[in-house]
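> Quick one: the structure is below, and I'll ask about it shortly.
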Amino acid sequence: MAENSIRVRFAPSPTGMFHVGGARSALFNWALARQQPDGKFVLRIEDTDAARNKPEWTEGIIRALAWLGIHEQDPHFEGPYFQSSFADKHRETAQRLYKDGAAYYCDCTREQVQERRSAEGNPHLGYDGFCRDRGLEPGPGRALRFRVPDGGPTVVDDQIRGRVEFEHSAIEDFVIARADGSPLFVLANVVDDVEMGINEVIRGEEHLSNTPKQQLLWRALGRTPPRWAHLPVIVNEKRQKLSKRRDKVALEAYQAEGYLPEAMVNYLMLLGWSPGGDREIMPWAQMEPLFAISEVNSSSAFFDEKKLRAFNGEYIRSLSADEFVERCRPWLSADAAPWPPENYDDAVFRAIAPLAQSRIAVLSEITPNVDFLFLDAPVEDEKSWNKAMKPGVGEEMLTAALERFADPALEWEPEALKAALEETGAGLGLKLGKAQAPVRVAVTGRTVGLPLFESLALLGRERVQERLRAALAKLRAASRDTEG
Ligand code: GLU
């Protein structure tokens with residue numbers, strides 16, 4: 001390891017779906033590690049909360065990172081390490097702090113502390129240092145507390161927030177190991193960072209309040225603390241911190257909807273940072289060398305799903321035609337697509353794909369746009385049906401179109417079909433927009449979709465006629481019912 005090379009880490013706890021906020025932290029760290037020839041990004045899974053951890057969350061994190069381009073094959077990647085495997089080191093370090101006098105045992109219960117604090121008239125203050133000088137030996141029911149030095153603030157030099165001072169009088173002697181010897185987050189996290197030679201810690205703002213305690217621990221262990229950077233919170237359109245209960249935050253949900261990783265990466269990088277100028281759409285390869293942690297803004301960053309969608313649409317449009325087809329595959333596969341698999345025809349899909357590519361914003365939208373080609377009958381969408389099949393329009397238009405389409409001299413290609421339908425509509429006093437709605441719904445099931453004439457051309461004369469006849473029969477049956 002080169003002496004001054006950056007060593008950053010990403011240290012998620014596998015307690016749930018991987019969050020877009022975690023993805024942003026990972027990407028910022030990744031950019032910094034990759035900027036230096038020997039820079040390292042350490043992935044450390046903080047899996048010490050056995051009750052809340054699940055192996056599938058860990059797998060989800062690793063999969064999501066790989067999807068974003070952060071993967072084990074890259075020489076800047078190190079790990080994954082699992083915090084649970086360093087338990088001995090955590091315990092050993094806690095003992096060392098005790099032996100050095102930097103920590104002491106305490107047998108106070110929460111109720112006792114509360115009682116003393118209330119008697120003083122300070123019910124809201126934390127631990128009062130009762131056991132500081134009692135010289136308790138380790139023993140059952142005794143937790144280990146860190147002795148916060150008297151006097152002086154701890155100054156955290158944050159690369160984003162600048163100088164942040166924490167008065168020691170406001171930091172209680174905090175617990176570093178429970179009565180059963182197990183370490184708390186503040187300690188385990190520092191011990192691992194020390195052992196792994198981490199020299200920059202870039203993480204979410206919610207950890208800023210832990211930082212003075214952690215910096216004190218680094219010093220007590222005789223080590224130079226890392227450079228800190230606390231990233232701004234990510235908020236929704238109501239300026240509320242993104243929450244997994246309220247907001248769509250799981251990276252996997254975006255992946256399932258058909259967001260492209262390159263669009264996601266681009267968008268996430270802009271949550272608190274900008275490459276300058278007014279450029280926003282910028283591929284990772286260009287952003288990576290430009291990224292600077294000191295340029296990250298400290299104010300909260302708005303996660304704007306609409307903007308992300310727009311980015312994704314742009315990235316979709318910039319794919320080559322072949323690549324677009326390949327990216328659509330997961331939505332066309334036998335287990336995902338709504339049509340009988342044997343109906344799928346790749347040549348037909350390839351023919352329509354460019355029309356969809358210029359119109360969809362997320363890949364999952366491919367299915368409703370092309371399903372009419374592969375379903376036995378178009379989807380039934382009552383709203384579309386009622387809108388298009390108005391009395392005096394639906395039945396008349398379908399009848400006229402059927403008659404026109406039966407003409408063997410009509411060439412079955414988009415231009416000719418358009419002219420034919422325009423003429424048919426005009427005969428009924430309908431502009432093309434109005435005239436095509438019943439035909440579109442009869443054939444595709446929906447009022448909106450890909451350009452109609454290309455769609456009709458691809459579906460073929462026979463199937464179009466068959467669907468127009470079926471729709472007409474349905475309309476006639478309905479009007480017979482209402483006539484009684
Ligand atoms: N496991 C902690 C978390 O997921 C890591 C905090 C840190 O990056 O130091 O919040």
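By convention in this document, the chains of the structure tokens carry letters A, B, ... by their order, each chain's residues are numbered from 1, and ligands are numbered from 1 in the order they are shown.
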List all protein, DNA and RNA residues that have at least one atom no more than 6 Å from any atom of ligand 1, counting only C-alpha atoms and all ligand atoms, and write them as a list in words.
Ala11, Pro12, Ser13, Glu46 and Arg203 of chain A
> Keeping N, CA and C atoms, export the residues of the selection given above as a tab-separated table (two decimals), in the first residue's frame.

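Done, and the output landed in part_28.tsv:
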```
chain	number	residue	atom	x	y	z
A	11	ALA	N	-19.65	0.97	4.93
A	11	ALA	CA	-19.88	0.06	6.05
A	11	ALA	C	-21.36	-0.13	6.37
A	12	PRO	N	-22.12	-0.67	5.44
A	12	PRO	CA	-23.56	-0.80	5.67
A	12	PRO	C	-23.91	-1.90	6.69
A	13	SER	N	-25.03	-1.71	7.35
A	13	SER	CA	-25.57	-2.74	8.23
A	13	SER	C	-26.64	-3.49	7.44
A	46	GLU	N	-21.42	-4.46	8.39
A	46	GLU	CA	-21.50	-4.33	9.86
A	46	GLU	C	-22.67	-5.18	10.36
A	203	ARG	N	-19.65	9.41	5.13
A	203	ARG	CA	-20.88	8.69	5.50
A	203	ARG	C	-22.01	9.70	5.70
```
> Do a neighbour search on Ala256 of chain A at 10 Å with only C-alpha atoms, toss out local chain neighbours closer than 3 positions, and write the hits as a list of chain:residue names.
A:Leu251, A:Glu252, A:Ala253, A:Tyr259, A:Leu260, A:Pro330, A:Trp331, A:Val362, A:Leu363, A:Ser364
> Could you save those same residues with N, CA, C and O atoms as a compact mmCIF listing (two decimals), in the first residue's frame?

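Ended up saving to selection.txt:
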```txt
# COMPACT_ATOMS: atom_id res chain seq x y z
N LEU A 251 -33.08 0.45 -3.77
CA LEU A 251 -32.47 0.47 -5.09
C LEU A 251 -33.07 -0.62 -5.98
O LEU A 251 -33.29 -0.43 -7.17
N GLU A 252 -33.36 -1.75 -5.36
CA GLU A 252 -33.93 -2.88 -6.10
C GLU A 252 -35.27 -2.53 -6.76
O GLU A 252 -35.60 -3.04 -7.82
N ALA A 253 -36.04 -1.66 -6.09
CA ALA A 253 -37.34 -1.28 -6.66
C ALA A 253 -37.12 -0.50 -7.95
O ALA A 253 -37.86 -0.68 -8.93
N TYR A 259 -34.96 1.02 -14.32
CA TYR A 259 -33.99 2.11 -14.37
C TYR A 259 -32.65 1.51 -14.78
O TYR A 259 -32.31 0.41 -14.35
N LEU A 260 -31.92 2.21 -15.60
CA LEU A 260 -30.61 1.73 -16.03
C LEU A 260 -29.60 2.12 -14.96
O LEU A 260 -29.66 3.24 -14.44
N PRO A 330 -35.12 -8.85 -19.83
CA PRO A 330 -35.75 -9.35 -18.60
C PRO A 330 -37.27 -9.16 -18.56
O PRO A 330 -37.97 -9.95 -17.96
N TRP A 331 -37.76 -8.14 -19.26
CA TRP A 331 -39.21 -7.88 -19.23
C TRP A 331 -39.96 -8.70 -20.28
O TRP A 331 -41.16 -8.80 -20.27
N VAL A 362 -38.85 4.18 -18.53
CA VAL A 362 -38.27 3.07 -17.76
C VAL A 362 -38.54 1.79 -18.54
O VAL A 362 -39.56 1.69 -19.24
N LEU A 363 -37.64 0.84 -18.43
CA LEU A 363 -37.74 -0.35 -19.29
C LEU A 363 -39.01 -1.17 -19.07
O LEU A 363 -39.51 -1.79 -20.01
N SER A 364 -39.56 -1.15 -17.85
CA SER A 364 -40.77 -1.95 -17.62
C SER A 364 -41.93 -1.46 -18.48
O SER A 364 -42.89 -2.20 -18.71
```
> Rank nothing, just name the residue among A:Leu187, A:Ala229, A:Leu97, A:Ala310 nearest to Arg161 of chain A, using only C-alpha atoms.
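Nearest to Arg161 of chain A: A:Ala229.
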> Quick one: residues within 12 Å of Lys244 of chain A, only C-alpha atoms, excluding same-chain residues fewer than 2 positions away - as a list in words?
Thr15, Gly16, Met17, Phe18, His19, Val20, Gly21, Val235, Asn236, Gln240, Lys241, Leu242, Arg246, Asp247, Lys248, Val249, Ala250, Leu251 and Ala253 of chain A
> Would you mind exporting N, CA and C atoms of the selected residues as a tab-separated table (two decimals), in the first residue's frame?

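And here is the file that came out, part_37.tsv:
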```tsv
chain	number	residue	atom	x	y	z
A	15	THR	N	-29.57	-4.66	7.46
A	15	THR	CA	-30.82	-4.76	8.21
A	15	THR	C	-32.04	-4.46	7.36
A	16	GLY	N	-31.88	-4.35	6.06
A	16	GLY	CA	-33.03	-4.08	5.20
A	16	GLY	C	-32.59	-3.94	3.77
A	17	MET	N	-33.55	-3.53	2.94
A	17	MET	CA	-33.25	-3.33	1.53
A	17	MET	C	-32.20	-2.23	1.37
A	18	PHE	N	-31.38	-2.37	0.38
A	18	PHE	CA	-30.33	-1.38	0.15
A	18	PHE	C	-30.97	-0.09	-0.38
A	19	HIS	N	-30.65	0.99	0.29
A	19	HIS	CA	-31.30	2.28	0.19
A	19	HIS	C	-30.56	3.19	-0.81
A	20	VAL	N	-31.28	4.05	-1.49
A	20	VAL	CA	-30.61	4.98	-2.42
A	20	VAL	C	-29.58	5.87	-1.72
A	21	GLY	N	-29.83	6.17	-0.43
A	21	GLY	CA	-28.87	6.99	0.32
A	21	GLY	C	-27.56	6.24	0.50
A	235	VAL	N	-33.90	14.18	0.92
A	235	VAL	CA	-35.29	14.45	1.31
A	235	VAL	C	-36.26	14.22	0.14
A	236	ASN	N	-37.54	14.05	0.47
A	236	ASN	CA	-38.56	13.89	-0.57
A	236	ASN	C	-39.13	15.27	-0.94
A	240	GLN	N	-39.05	16.03	3.62
A	240	GLN	CA	-38.91	15.09	4.74
A	240	GLN	C	-37.77	14.15	4.39
A	241	LYS	N	-37.01	13.77	5.42
A	241	LYS	CA	-35.93	12.82	5.20
A	241	LYS	C	-36.51	11.56	4.57
A	242	LEU	N	-35.88	11.04	3.54
A	242	LEU	CA	-36.39	9.82	2.89
A	242	LEU	C	-36.50	8.72	3.93
A	246	ARG	N	-42.13	5.38	4.08
A	246	ARG	CA	-42.96	6.32	3.34
A	246	ARG	C	-42.57	6.42	1.86
A	247	ASP	N	-41.28	6.35	1.60
A	247	ASP	CA	-40.81	6.66	0.25
A	247	ASP	C	-40.26	5.40	-0.44
A	248	LYS	N	-40.20	5.51	-1.75
A	248	LYS	CA	-39.60	4.41	-2.50
A	248	LYS	C	-38.09	4.61	-2.44
A	249	VAL	N	-37.43	3.83	-1.60
A	249	VAL	CA	-35.99	4.07	-1.39
A	249	VAL	C	-35.12	2.88	-1.76
A	250	ALA	N	-35.74	1.71	-1.96
A	250	ALA	CA	-34.92	0.52	-2.24
A	250	ALA	C	-34.38	0.58	-3.66
A	251	LEU	N	-33.08	0.45	-3.77
A	251	LEU	CA	-32.47	0.47	-5.09
A	251	LEU	C	-33.07	-0.62	-5.98
A	253	ALA	N	-36.04	-1.66	-6.09
A	253	ALA	CA	-37.34	-1.28	-6.66
A	253	ALA	C	-37.12	-0.50	-7.95
```
> Write out as a ChimeraX atom specification the set of residues from segment 154-296 of chain A that DSSP, computed on the backbone, places in strand (DSSP E or B).
/A:154-158,162-167,175-177,183,200-204,227-231,234-235,241,250
> Quick one: everything within 7 Å of segment 261-267 of chain A, counting only C-alpha atoms, minus sequence neighbours fewer than 3 positions away in the same chain. Send it as a short mmCIF file (atom, residue, chain, number, x, y, z; two decimals) with C-alpha atoms, in the first residue's frame.

```
data_model
loop_
_atom_site.label_atom_id
_atom_site.label_comp_id
_atom_site.auth_asym_id
_atom_site.auth_seq_id
_atom_site.Cartn_x
_atom_site.Cartn_y
_atom_site.Cartn_z
CA TRP A 67 -25.21 -3.29 -10.41
CA LEU A 68 -23.87 0.22 -9.79
CA LEU A 270 -25.87 14.81 -8.20
CA ILE A 281 -26.27 14.24 -17.77
CA MET A 282 -22.74 12.98 -17.49
CA PRO A 283 -21.56 9.38 -17.59
CA TRP A 284 -19.67 7.94 -14.66
CA LEU A 308 -34.53 10.58 -12.35
CA PHE A 311 -32.53 11.04 -16.92
CA ASN A 312 -33.42 7.42 -17.47
CA TYR A 315 -30.05 7.14 -21.18
#
```
> Write out as a PDB file with N, CA, C and O atoms, in the first residue's frame each polymer residue whose atoms come within 8 Å of Arg24 of chain A, counting only C-alpha atoms; drop sequence neighbours fewer than 5 positions from it.

```pdb
ATOM      1  N   LEU A 268     -27.654   9.798  -8.798  1.00  0.00           N
ATOM      2  CA  LEU A 268     -27.239   9.752  -7.384  1.00  0.00           C
ATOM      3  C   LEU A 268     -26.029  10.644  -7.135  1.00  0.00           C
ATOM      4  O   LEU A 268     -25.920  11.275  -6.076  1.00  0.00           O
ATOM      5  N   MET A 269     -25.127  10.713  -8.090  1.00  0.00           N
ATOM      6  CA  MET A 269     -23.932  11.555  -7.919  1.00  0.00           C
ATOM      7  C   MET A 269     -24.300  13.031  -7.765  1.00  0.00           C
ATOM      8  O   MET A 269     -23.535  13.812  -7.222  1.00  0.00           O
ATOM      9  N   LEU A 271     -26.760  14.169  -6.007  1.00  0.00           N
ATOM     10  CA  LEU A 271     -27.443  14.445  -4.736  1.00  0.00           C
ATOM     11  C   LEU A 271     -26.436  15.062  -3.762  1.00  0.00           C
ATOM     12  O   LEU A 271     -25.874  14.398  -2.914  1.00  0.00           O
TER      13      LEU A 271
END
```
> Applying 12 Å and only C-alpha atoms, which residues near Arg239 of chain A remain after dropping the ones on its own chain fewer than 6 positions away? List them as a PyMOL selection string.
chain A and resi 233+247+299-304
> Go through segment 51-254 of chain A and collect every residue that DSSP, computed from the backbone, puts in alpha helix (DSSP H); the answer should be as a PyMOL selection string.
chain A and resi 55-68+87-99+110-120+185-195+211-220+251-254
> Which one of A:Ala103, A:Leu43, A:Ala470, A:Ala292 sits closest to Val8 of chain A if you count only C-alpha atoms?
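Answer, going by the shortest atom-to-atom distance: A:Leu43.
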> As a PyMOL selection string, please: the residues near Pro212 of chain A (cut-off 7 Å, only C-alpha atoms, same-chain neighbours under 6 positions excluded).
chain A and resi 154+156+166
> Identify which of the residues A:Ser169, A:Ser84, A:Asn369, A:Thr399 lies closest to Leu452 of chain A, counting only C-alpha atoms when measuring atom-to-atom distances.
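Closest candidate: A:Asn369.
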> Which residue gives the smallest distance to Ala188 of chain A among A:Asp128, A:Asp322, A:Glu305, A:Asp47, with only C-alpha atoms counted?
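Between A:Asp128, A:Asp322, A:Glu305, A:Asp47, the residue approaching Ala188 of chain A most closely is A:Asp47.
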